[in-house]
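Source file: entry07.pdb. Holds: PDB, C-alpha atoms.
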```pdb
ATOM      1  CA  MET G   1     -38.514  91.850-102.938
ATOM      2  CA  ALA G   2     -37.527  95.090-104.641
ATOM      3  CA  ALA G   3     -37.962  93.156-107.905
ATOM      4  CA  ASP G   4     -41.570  92.446-106.906
ATOM      5  CA  VAL G   5     -42.126  96.187-106.447
ATOM      6  CA  LEU G   6     -40.771  96.790-109.961
ATOM      7  CA  LEU G   7     -43.354  94.325-111.279
ATOM      8  CA  LEU G   8     -46.034  96.252-109.374
ATOM      9  CA  ASP G   9     -44.815  99.501-110.945
ATOM     10  CA  ASP G  10     -44.991  97.824-114.357
ATOM     11  CA  ALA G  11     -48.563  96.709-113.688
ATOM     12  CA  ALA G  12     -49.634 100.137-112.437
ATOM     13  CA  LEU G  13     -47.977 102.170-115.186
ATOM     14  CA  LEU G  14     -48.211  99.874-118.222
ATOM     15  CA  GLY G  15     -51.025  97.483-117.337
ATOM     16  CA  ASN G  16     -48.814  94.392-117.583
ATOM     17  CA  ALA G  17     -49.349  91.193-115.573
ATOM     18  CA  SER G  18     -46.561  88.939-114.293
ATOM     19  CA  LEU G  19     -45.894  85.823-112.259
ATOM     20  CA  ARG G  20     -42.470  85.453-110.650
ATOM     21  CA  LEU G  21     -41.116  82.440-108.722
ATOM     22  CA  TYR G  22     -37.930  82.583-106.658
ATOM     23  CA  CYS G  23     -36.075  81.482-103.527
ATOM     24  CA  TRP G  24     -33.819  83.193-100.999
ATOM     25  CA  ASN G  25     -30.055  83.404-100.528
ATOM     26  CA  PRO G  26     -29.194  84.006 -97.736
ATOM     27  CA  PRO G  27     -32.178  82.900 -95.586
ATOM     28  CA  THR G  28     -33.948  86.030 -94.376
ATOM     29  CA  LEU G  29     -36.767  87.134 -92.089
ATOM     30  CA  SER G  30     -39.343  89.436 -93.656
ATOM     31  CA  ILE G  31     -41.844  91.467 -91.696
ATOM     32  CA  GLY G  32     -45.051  93.095 -92.879
ATOM     33  CA  ARG G  33     -45.174  96.679 -94.078
ATOM     34  CA  ASN G  34     -46.739  97.930 -90.832
ATOM     35  CA  GLN G  35     -45.418  95.279 -88.427
ATOM     36  CA  ALA G  36     -43.372  96.300 -85.386
ATOM     37  CA  MET G  37     -39.772  95.121 -85.164
ATOM     38  CA  GLU G  38     -40.623  93.561 -81.788
ATOM     39  CA  ALA G  39     -41.985  90.594 -83.752
ATOM     40  CA  ILE G  40     -38.432  89.424 -84.397
ATOM     41  CA  VAL G  41     -37.429  86.604 -82.063
ATOM     42  CA  ASP G  42     -33.833  86.175 -83.264
ATOM     43  CA  ARG G  43     -32.068  89.502 -83.802
ATOM     44  CA  ASN G  44     -29.015  87.799 -85.367
ATOM     45  CA  VAL G  45     -30.631  87.171 -88.762
ATOM     46  CA  PRO G  46     -31.023  89.294 -91.916
ATOM     47  CA  VAL G  47     -34.297  91.216 -91.909
ATOM     48  CA  VAL G  48     -36.237  92.894 -94.725
ATOM     49  CA  ARG G  49     -39.521  94.786 -94.610
ATOM     50  CA  ARG G  50     -42.045  93.653 -97.206
ATOM     51  CA  PRO G  51     -44.026  96.087 -99.373
ATOM     52  CA  THR G  52     -47.153  94.074 -98.497
ATOM     53  CA  GLY G  53     -48.876  93.700 -95.156
ATOM     54  CA  GLY G  54     -49.201  90.594 -93.042
ATOM     55  CA  LYS G  55     -46.938  89.168 -90.379
ATOM     56  CA  ALA G  56     -43.377  87.816 -90.135
ATOM     57  CA  VAL G  57     -42.098  85.007 -92.385
ATOM     58  CA  TRP G  58     -38.793  83.128 -92.252
ATOM     59  CA  HIS G  59     -37.661  82.597 -95.867
ATOM     60  CA  GLU G  60     -35.409  79.582 -96.254
ATOM     61  CA  HIS G  61     -36.769  76.258 -97.545
ATOM     62  CA  GLU G  62     -39.556  77.597 -99.723
ATOM     63  CA  VAL G  63     -40.811  78.767-103.090
ATOM     64  CA  THR G  64     -41.739  82.436-103.055
ATOM     65  CA  TYR G  65     -44.267  83.569-105.640
ATOM     66  CA  ALA G  66     -45.216  87.065-106.741
ATOM     67  CA  VAL G  67     -48.132  88.110-108.943
ATOM     68  CA  ALA G  68     -48.406  91.723-110.083
ATOM     69  CA  ALA G  69     -51.307  92.740-112.317
ATOM     70  CA  PRO G  70     -54.071  95.276-112.880
ATOM     71  CA  ILE G  71     -56.920  94.560-110.463
ATOM     72  CA  ALA G  72     -59.234  94.325-113.478
ATOM     73  CA  THR G  73     -57.410  91.147-114.527
ATOM     74  CA  PHE G  74     -59.233  89.342-111.700
ATOM     75  CA  GLY G  75     -62.118  91.736-111.038
ATOM     76  CA  SER G  76     -61.314  92.543-107.394
ATOM     77  CA  LEU G  77     -58.573  92.084-104.818
ATOM     78  CA  ARG G  78     -60.603  89.450-102.987
ATOM     79  CA  THR G  79     -61.183  87.495-106.193
ATOM     80  CA  ALA G  80     -57.490  87.767-107.066
ATOM     81  CA  TYR G  81     -56.496  86.356-103.673
ATOM     82  CA  ARG G  82     -58.653  83.260-104.138
ATOM     83  CA  ASP G  83     -57.942  82.816-107.859
ATOM     84  CA  ILE G  84     -54.175  82.858-107.383
ATOM     85  CA  HIS G  85     -54.443  80.408-104.495
ATOM     86  CA  THR G  86     -56.742  78.195-106.555
ATOM     87  CA  ARG G  87     -54.049  77.965-109.246
ATOM     88  CA  ILE G  88     -51.308  77.219-106.736
ATOM     89  CA  ALA G  89     -53.470  74.626-104.948
ATOM     90  CA  ALA G  90     -54.050  72.868-108.282
ATOM     91  CA  ALA G  91     -50.283  72.684-108.783
ATOM     92  CA  LEU G  92     -49.793  71.258-105.293
ATOM     93  CA  ARG G  93     -52.484  68.648-105.850
ATOM     94  CA  SER G  94     -50.584  67.504-108.937
ATOM     95  CA  LEU G  95     -47.756  66.615-106.528
ATOM     96  CA  GLY G  96     -50.083  64.543-104.349
ATOM     97  CA  ILE G  97     -50.875  67.267-101.800
ATOM     98  CA  ASP G  98     -54.465  67.455-100.535
ATOM     99  CA  ALA G  99     -54.464  71.252-100.718
ATOM    100  CA  VAL G 100     -57.717  73.136-100.064
ATOM    101  CA  LEU G 101     -58.687  76.767 -99.630
ATOM    102  CA  ALA G 102     -59.689  77.916 -96.154
ATOM    103  CA  GLY G 103     -63.239  79.086 -95.657
ATOM    104  CA  ASP G 104     -64.012  82.603 -94.509
ATOM    105  CA  ARG G 105     -63.022  83.272 -90.911
ATOM    106  CA  PRO G 106     -64.193  85.967 -88.468
ATOM    107  CA  ALA G 107     -62.174  89.143 -88.791
ATOM    108  CA  VAL G 108     -59.310  89.566 -86.320
ATOM    109  CA  ARG G 109     -57.951  92.968 -85.353
ATOM    110  CA  PRO G 110     -54.292  93.436 -86.424
ATOM    111  CA  SER G 111     -53.300  94.018 -82.796
ATOM    112  CA  ASP G 112     -54.755  90.631 -81.821
ATOM    113  CA  ARG G 113     -53.001  88.618 -84.531
ATOM    114  CA  PRO G 114     -49.921  86.512 -83.752
ATOM    115  CA  ALA G 115     -46.513  87.802 -84.880
ATOM    116  CA  SER G 116     -46.099  85.017 -87.453
ATOM    117  CA  CYS G 117     -47.866  84.818 -90.792
ATOM    118  CA  PHE G 118     -48.230  81.031 -90.401
ATOM    119  CA  ALA G 119     -49.816  81.088 -86.951
ATOM    120  CA  LEU G 120     -53.266  82.022 -88.273
ATOM    121  CA  SER G 121     -55.136  81.255 -91.487
ATOM    122  CA  VAL G 122     -57.714  83.491 -93.136
ATOM    123  CA  GLY G 123     -60.336  82.883 -95.803
ATOM    124  CA  GLY G 124     -58.928  81.792 -99.160
ATOM    125  CA  GLU G 125     -55.522  80.648 -97.912
ATOM    126  CA  ILE G 126     -54.108  77.211 -98.727
ATOM    127  CA  LEU G 127     -54.396  74.543 -96.030
ATOM    128  CA  VAL G 128     -53.495  70.862 -95.763
ATOM    129  CA  LYS G 129     -55.401  68.985 -93.039
ATOM    130  CA  GLY G 130     -56.173  72.251 -91.310
ATOM    131  CA  ARG G 131     -52.571  73.501 -91.291
ATOM    132  CA  LYS G 132     -51.348  76.471 -93.279
ATOM    133  CA  LEU G 133     -48.993  75.622 -96.160
ATOM    134  CA  VAL G 134     -48.901  78.934 -98.044
ATOM    135  CA  GLY G 135     -48.790  82.392 -96.491
ATOM    136  CA  SER G 136     -49.684  85.378 -98.694
ATOM    137  CA  ALA G 137     -50.249  89.129 -98.565
ATOM    138  CA  GLN G 138     -51.328  91.908-100.915
ATOM    139  CA  VAL G 139     -50.718  95.586-101.533
ATOM    140  CA  ARG G 140     -52.573  97.911-103.897
ATOM    141  CA  ARG G 141     -51.108 100.717-105.976
ATOM    142  CA  GLY G 142     -53.655 102.661-107.973
ATOM    143  CA  ASP G 143     -55.474 100.212-110.219
ATOM    144  CA  ALA G 144     -52.855  97.476-109.787
ATOM    145  CA  PHE G 145     -51.874  95.081-107.020
ATOM    146  CA  LEU G 146     -49.027  92.851-105.868
ATOM    147  CA  GLN G 147     -49.673  89.545-104.151
ATOM    148  CA  HIS G 148     -46.772  87.448-102.978
ATOM    149  CA  GLY G 149     -46.348  84.570-100.603
ATOM    150  CA  SER G 150     -44.332  81.615 -99.350
ATOM    151  CA  ILE G 151     -44.925  77.949-100.164
ATOM    152  CA  LEU G 152     -43.118  76.018 -97.432
ATOM    153  CA  LEU G 153     -40.914  73.181 -98.661
ATOM    154  CA  ASP G 154     -39.363  72.144 -95.352
ATOM    155  CA  GLY G 155     -37.978  73.455 -92.075
ATOM    156  CA  SER G 156     -39.988  75.581 -89.699
ATOM    157  CA  GLN G 157     -40.888  79.143 -88.901
ATOM    158  CA  GLY G 158     -38.881  78.874 -85.683
ATOM    159  CA  LYS G 159     -37.308  82.304 -86.119
ATOM    160  CA  VAL G 160     -40.794  83.613 -85.380
ATOM    161  CA  SER G 161     -43.122  82.336 -82.672
ATOM    162  CA  THR G 162     -45.854  80.489 -84.620
ATOM    163  CA  GLY G 163     -47.709  78.192 -82.262
ATOM    164  CA  GLY G 164     -47.180  75.349 -84.717
ATOM    165  CA  GLY G 165     -49.965  76.299 -87.122
ATOM    166  CA  GLU G 166     -47.974  75.604 -90.278
ATOM    167  CA  THR G 167     -47.042  72.530 -92.284
ATOM    168  CA  THR G 168     -44.562  71.869 -95.111
ATOM    169  CA  LEU G 169     -44.510  69.866 -98.313
ATOM    170  CA  ALA G 170     -41.836  67.572 -96.867
ATOM    171  CA  ALA G 171     -43.947  66.891 -93.780
ATOM    172  CA  VAL G 172     -47.030  66.096 -95.855
ATOM    173  CA  LEU G 173     -45.329  63.923 -98.480
ATOM    174  CA  GLY G 174     -42.732  62.360 -96.201
ATOM    175  CA  ARG G 175     -39.894  63.177 -98.585
ATOM    176  CA  ALA G 176     -37.761  66.095 -99.687
ATOM    177  CA  VAL G 177     -39.430  68.370-102.230
ATOM    178  CA  THR G 178     -37.220  70.611-104.368
ATOM    179  CA  PHE G 179     -37.688  74.193-105.469
ATOM    180  CA  GLU G 180     -37.489  73.072-109.109
ATOM    181  CA  GLU G 181     -40.200  70.446-108.608
ATOM    182  CA  VAL G 182     -42.699  72.929-107.223
ATOM    183  CA  VAL G 183     -41.874  75.585-109.804
ATOM    184  CA  ALA G 184     -42.415  73.080-112.624
ATOM    185  CA  ALA G 185     -45.785  72.079-111.120
ATOM    186  CA  ILE G 186     -46.930  75.707-110.844
ATOM    187  CA  VAL G 187     -45.937  76.523-114.426
ATOM    188  CA  ALA G 188     -47.559  73.333-115.757
ATOM    189  CA  ASN G 189     -50.812  73.851-113.831
ATOM    190  CA  TRP G 190     -51.159  77.632-113.925
ATOM    191  CA  GLY G 191     -53.926  77.484-116.519
ATOM    192  CA  GLU G 192     -54.775  80.521-118.602
ATOM    193  CA  PRO G 193     -51.950  83.092-118.701
ATOM    194  CA  LEU G 194     -52.544  86.375-116.892
ATOM    195  CA  SER G 195     -54.073  88.539-119.589
ATOM    196  CA  PRO G 196     -55.269  92.081-118.844
ATOM    197  CA  SER G 197     -58.063  93.158-121.157
ATOM    198  CA  GLY G 198     -56.783  94.187-124.568
ATOM    199  CA  ARG G 199     -53.179  93.126-123.893
ATOM    200  CA  GLN G 200     -51.040  90.183-124.839
ATOM    201  CA  ALA G 201     -51.117  87.310-122.345
ATOM    202  CA  VAL G 202     -48.114  87.030-120.046
ATOM    203  CA  ARG G 203     -46.636  83.610-119.353
ATOM    204  CA  PRO G 204     -44.970  82.700-116.026
ATOM    205  CA  SER G 205     -41.353  83.766-115.615
ATOM    206  CA  VAL G 206     -39.040  81.852-113.284
ATOM    207  CA  ILE G 207     -36.057  83.229-111.393
ATOM    208  CA  ALA G 208     -34.017  80.583-109.612
ATOM    209  CA  SER G 209     -32.660  82.609-106.729
ATOM    210  CA  VAL G 210     -32.718  86.078-105.244
ATOM    211  CA  ALA G 211     -30.271  87.448-102.682
ATOM    212  CA  ALA G 212     -32.064  89.342 -99.919
ATOM    213  CA  ARG G 213     -30.237  92.534 -99.017
TER     214      ARG G 213
END
```
Represent the supplied structure as structure tokens.
Amino acid sequence: MAADVLLLDDAALLGNASLRLYCWNPPTLSIGRNQAMEAIVDRNVPVVRRPTGGKAVWHEHEVTYAVAAPIATFGSLRTAYRDIHTRIAAALRSLGIDAVLAGDRPAVRPSDRPASCFALSVGGEILVKGRKLVGSAQVRRGDAFLQHGSILLDGSQGKVSTGGGETTLAAVLGRAVTFEEVVAAIVANWGEPLSPSGRQAVRPSVIASVAAR
């Protein structure tokens, strides 16, 4: 995720906008920027702290996305959250997934939230039949922001206690879904390139794999 931070630096300093898609090798547990280490259920796994907030995520069978851009590209952080999810949901629907955005939910104090990102959905997140398919978080730096998240292909979030609130593409479609398949759908359905005012539009870039250290 250090590469995501570099994209955020690029957005903050130069006003560029980027989309990055990647997966993890080896599988790794990430925890939110301000989350306590007590959230970790299995201490015998690699762990990394994310630059964004949110709760713990087990990164294994998934597509991880990262969008870094000036906030002005979307108008506000809240609008960016929904717009990015709207684009990803459109890509998932092209694969036959009935993906919808969650409605606004009552605010929950951080101390009352479960340890897992996928145990609780908030307004604007991507759901399938009421279950969370994509978990995302943001961080702001000056006039720019980074939003990244996990699109679950298969497996479970068993390294973190979730309460079973998540679902996966494999569970919904009843077949294996590959990283390459989802990446191709996102690129094909992304719509207008991210284009900060007065700058050249940036097309999606794809990185096949990232080793978490």
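Listed by chain and then by number, the residues chosen by the PyMOL selection byres ((chain G and resi 88) around 9) in this file are Asp83, Ile84, His85, Thr86, Arg87, Ala89, Ala90, Ala91, Leu92, Arg93, Ile126, Ala185, Ile186, Asn189 and Trp190 of chain G.
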Original post:
What gap, in Å, lies between CA of Ala56 in chain G and CA of Val183 in chain G?
Top reply: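 Computing it gives 23.2 Å between the two atoms.
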Subject >> Residue among G:Val63, G:Val100, G:Leu14, G:Ala2 lying closest to Gly130 in chain G, counting all atoms listed in the file >> reply: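 Result for the nearest residue to Gly130 in chain G: G:Val100.
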**OP:** Can you turn the PyMOL selection byres ((chain G and resi 6) around 12) into a concrete residue list for this file, as a ChimeraX atom specification?
**Re:** /G:1-5,7-14,16-18,20,51,66-69,141,145-146
Emit the selected residues as a short mmCIF file (atom, residue, chain, number, x, y, z; two decimals), in the coordinates of the input, including C-alpha atoms.
```cif
data_model
loop_
_atom_site.label_atom_id
_atom_site.label_comp_id
_atom_site.auth_asym_id
_atom_site.auth_seq_id
_atom_site.Cartn_x
_atom_site.Cartn_y
_atom_site.Cartn_z
CA MET G 1 -38.51 91.85 -102.94
CA ALA G 2 -37.53 95.09 -104.64
CA ALA G 3 -37.96 93.16 -107.90
CA ASP G 4 -41.57 92.45 -106.91
CA VAL G 5 -42.13 96.19 -106.45
CA LEU G 7 -43.35 94.32 -111.28
CA LEU G 8 -46.03 96.25 -109.37
CA ASP G 9 -44.82 99.50 -110.94
CA ASP G 10 -44.99 97.82 -114.36
CA ALA G 11 -48.56 96.71 -113.69
CA ALA G 12 -49.63 100.14 -112.44
CA LEU G 13 -47.98 102.17 -115.19
CA LEU G 14 -48.21 99.87 -118.22
CA ASN G 16 -48.81 94.39 -117.58
CA ALA G 17 -49.35 91.19 -115.57
CA SER G 18 -46.56 88.94 -114.29
CA ARG G 20 -42.47 85.45 -110.65
CA PRO G 51 -44.03 96.09 -99.37
CA ALA G 66 -45.22 87.06 -106.74
CA VAL G 67 -48.13 88.11 -108.94
CA ALA G 68 -48.41 91.72 -110.08
CA ALA G 69 -51.31 92.74 -112.32
CA ARG G 141 -51.11 100.72 -105.98
CA PHE G 145 -51.87 95.08 -107.02
CA LEU G 146 -49.03 92.85 -105.87
#
```
Original post:
Expressed in Å to a single decimal, how great is the separation between CA of Thr52 in chain G and CA of Ser136 in chain G?
Top reply: 9.1 Å
**OP:** Return as a PyMOL selection string the set of residues that the PyMOL selection byres ((chain G and resi 96) around 12) yields on the displayed structure.
**Re:** chain G and resi 89-95+97-99+128+169-170+172-175+177+182+185
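We find CA of Phe74 in chain G and CA of Glu166 in chain G to be spaced 27.8 Å apart.
Candidate residues G:Gly53, G:Gln35, G:Pro27, G:Ile71 were compared for distance to Asp143 in chain G, and the nearest is G:Ile71, using all atoms listed in the file.
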Subject >> Residue nearest Pro70 in chain G among G:Arg49, G:His148, G:Arg140, G:Arg82 (counting all atoms listed in the file) >> reply: G:Arg140
**OP:** Find, counting only C-alpha atoms, the residue in G:Leu127, G:Thr28, G:Tyr22, G:Ala176 that gets nearest to Gly149 in chain G.
**Re:**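 Of G:Leu127, G:Thr28, G:Tyr22, G:Ala176, the one nearest Gly149 in chain G, counting only C-alpha atoms, is G:Tyr22.
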Save range 42-95 of chain G of the structure in the block above to a file, with C-alpha atoms included, as a PDB file, in the first residue's frame.
```
ATOM      1  CA  ASP G  42      -4.641 -14.782  14.182  1.00  0.00           C
ATOM      2  CA  ARG G  43      -1.246 -13.418  15.221  1.00  0.00           C
ATOM      3  CA  ASN G  44       0.602 -15.801  12.860  1.00  0.00           C
ATOM      4  CA  VAL G  45      -0.135 -13.830   9.681  1.00  0.00           C
ATOM      5  CA  PRO G  46       1.572 -10.868   7.973  1.00  0.00           C
ATOM      6  CA  VAL G  47       0.080  -7.560   9.092  1.00  0.00           C
ATOM      7  CA  VAL G  48       0.234  -4.080   7.551  1.00  0.00           C
ATOM      8  CA  ARG G  49      -1.310  -0.831   8.751  1.00  0.00           C
ATOM      9  CA  ARG G  50      -3.252   1.032   6.077  1.00  0.00           C
ATOM     10  CA  PRO G  51      -2.874   4.779   5.471  1.00  0.00           C
ATOM     11  CA  THR G  52      -6.689   4.997   5.440  1.00  0.00           C
ATOM     12  CA  GLY G  53      -9.122   4.437   8.274  1.00  0.00           C
ATOM     13  CA  GLY G  54     -11.674   1.683   8.638  1.00  0.00           C
ATOM     14  CA  LYS G  55     -11.392  -1.765  10.148  1.00  0.00           C
ATOM     15  CA  ALA G  56      -9.421  -4.969   9.508  1.00  0.00           C
ATOM     16  CA  VAL G  57      -9.410  -6.719   6.113  1.00  0.00           C
ATOM     17  CA  TRP G  58      -7.906 -10.073   5.135  1.00  0.00           C
ATOM     18  CA  HIS G  59      -6.374  -9.643   1.657  1.00  0.00           C
ATOM     19  CA  GLU G  60      -6.199 -12.897  -0.265  1.00  0.00           C
ATOM     20  CA  HIS G  61      -8.799 -13.758  -2.923  1.00  0.00           C
ATOM     21  CA  GLU G  62      -9.667 -10.245  -4.022  1.00  0.00           C
ATOM     22  CA  VAL G  63      -9.117  -7.301  -6.328  1.00  0.00           C
ATOM     23  CA  THR G  64      -7.792  -4.281  -4.472  1.00  0.00           C
ATOM     24  CA  TYR G  65      -8.467  -0.899  -6.041  1.00  0.00           C
ATOM     25  CA  ALA G  66      -6.959   2.486  -5.260  1.00  0.00           C
ATOM     26  CA  VAL G  67      -8.088   5.891  -6.515  1.00  0.00           C
ATOM     27  CA  ALA G  68      -5.975   8.953  -5.749  1.00  0.00           C
ATOM     28  CA  ALA G  69      -7.098  12.344  -7.046  1.00  0.00           C
ATOM     29  CA  PRO G  70      -7.696  15.983  -6.157  1.00  0.00           C
ATOM     30  CA  ILE G  71     -10.965  16.266  -4.232  1.00  0.00           C
ATOM     31  CA  ALA G  72     -12.127  18.776  -6.850  1.00  0.00           C
ATOM     32  CA  THR G  73     -12.208  15.949  -9.405  1.00  0.00           C
ATOM     33  CA  PHE G  74     -15.391  14.700  -7.704  1.00  0.00           C
ATOM     34  CA  GLY G  75     -16.482  17.815  -5.807  1.00  0.00           C
ATOM     35  CA  SER G  76     -16.348  16.362  -2.279  1.00  0.00           C
ATOM     36  CA  LEU G  77     -15.124  13.304  -0.404  1.00  0.00           C
ATOM     37  CA  ARG G  78     -18.676  12.037   0.037  1.00  0.00           C
ATOM     38  CA  THR G  79     -19.394  12.400  -3.677  1.00  0.00           C
ATOM     39  CA  ALA G  80     -16.115  10.662  -4.515  1.00  0.00           C
ATOM     40  CA  TYR G  81     -17.012   7.708  -2.289  1.00  0.00           C
ATOM     41  CA  ARG G  82     -20.324   7.152  -4.071  1.00  0.00           C
ATOM     42  CA  ASP G  83     -19.047   7.945  -7.576  1.00  0.00           C
ATOM     43  CA  ILE G  84     -16.189   5.453  -7.351  1.00  0.00           C
ATOM     44  CA  HIS G  85     -18.530   2.787  -5.997  1.00  0.00           C
ATOM     45  CA  THR G  86     -21.041   3.567  -8.738  1.00  0.00           C
ATOM     46  CA  ARG G  87     -18.355   2.857 -11.350  1.00  0.00           C
ATOM     47  CA  ILE G  88     -17.277  -0.366  -9.672  1.00  0.00           C
ATOM     48  CA  ALA G  89     -20.897  -1.507  -9.242  1.00  0.00           C
ATOM     49  CA  ALA G  90     -21.472  -0.959 -12.972  1.00  0.00           C
ATOM     50  CA  ALA G  91     -18.488  -3.201 -13.711  1.00  0.00           C
ATOM     51  CA  LEU G  92     -19.814  -5.895 -11.378  1.00  0.00           C
ATOM     52  CA  ARG G  93     -23.248  -5.757 -12.975  1.00  0.00           C
ATOM     53  CA  SER G  94     -21.596  -6.429 -16.332  1.00  0.00           C
ATOM     54  CA  LEU G  95     -20.503  -9.760 -14.816  1.00  0.00           C
TER      55      LEU G  95
END
```
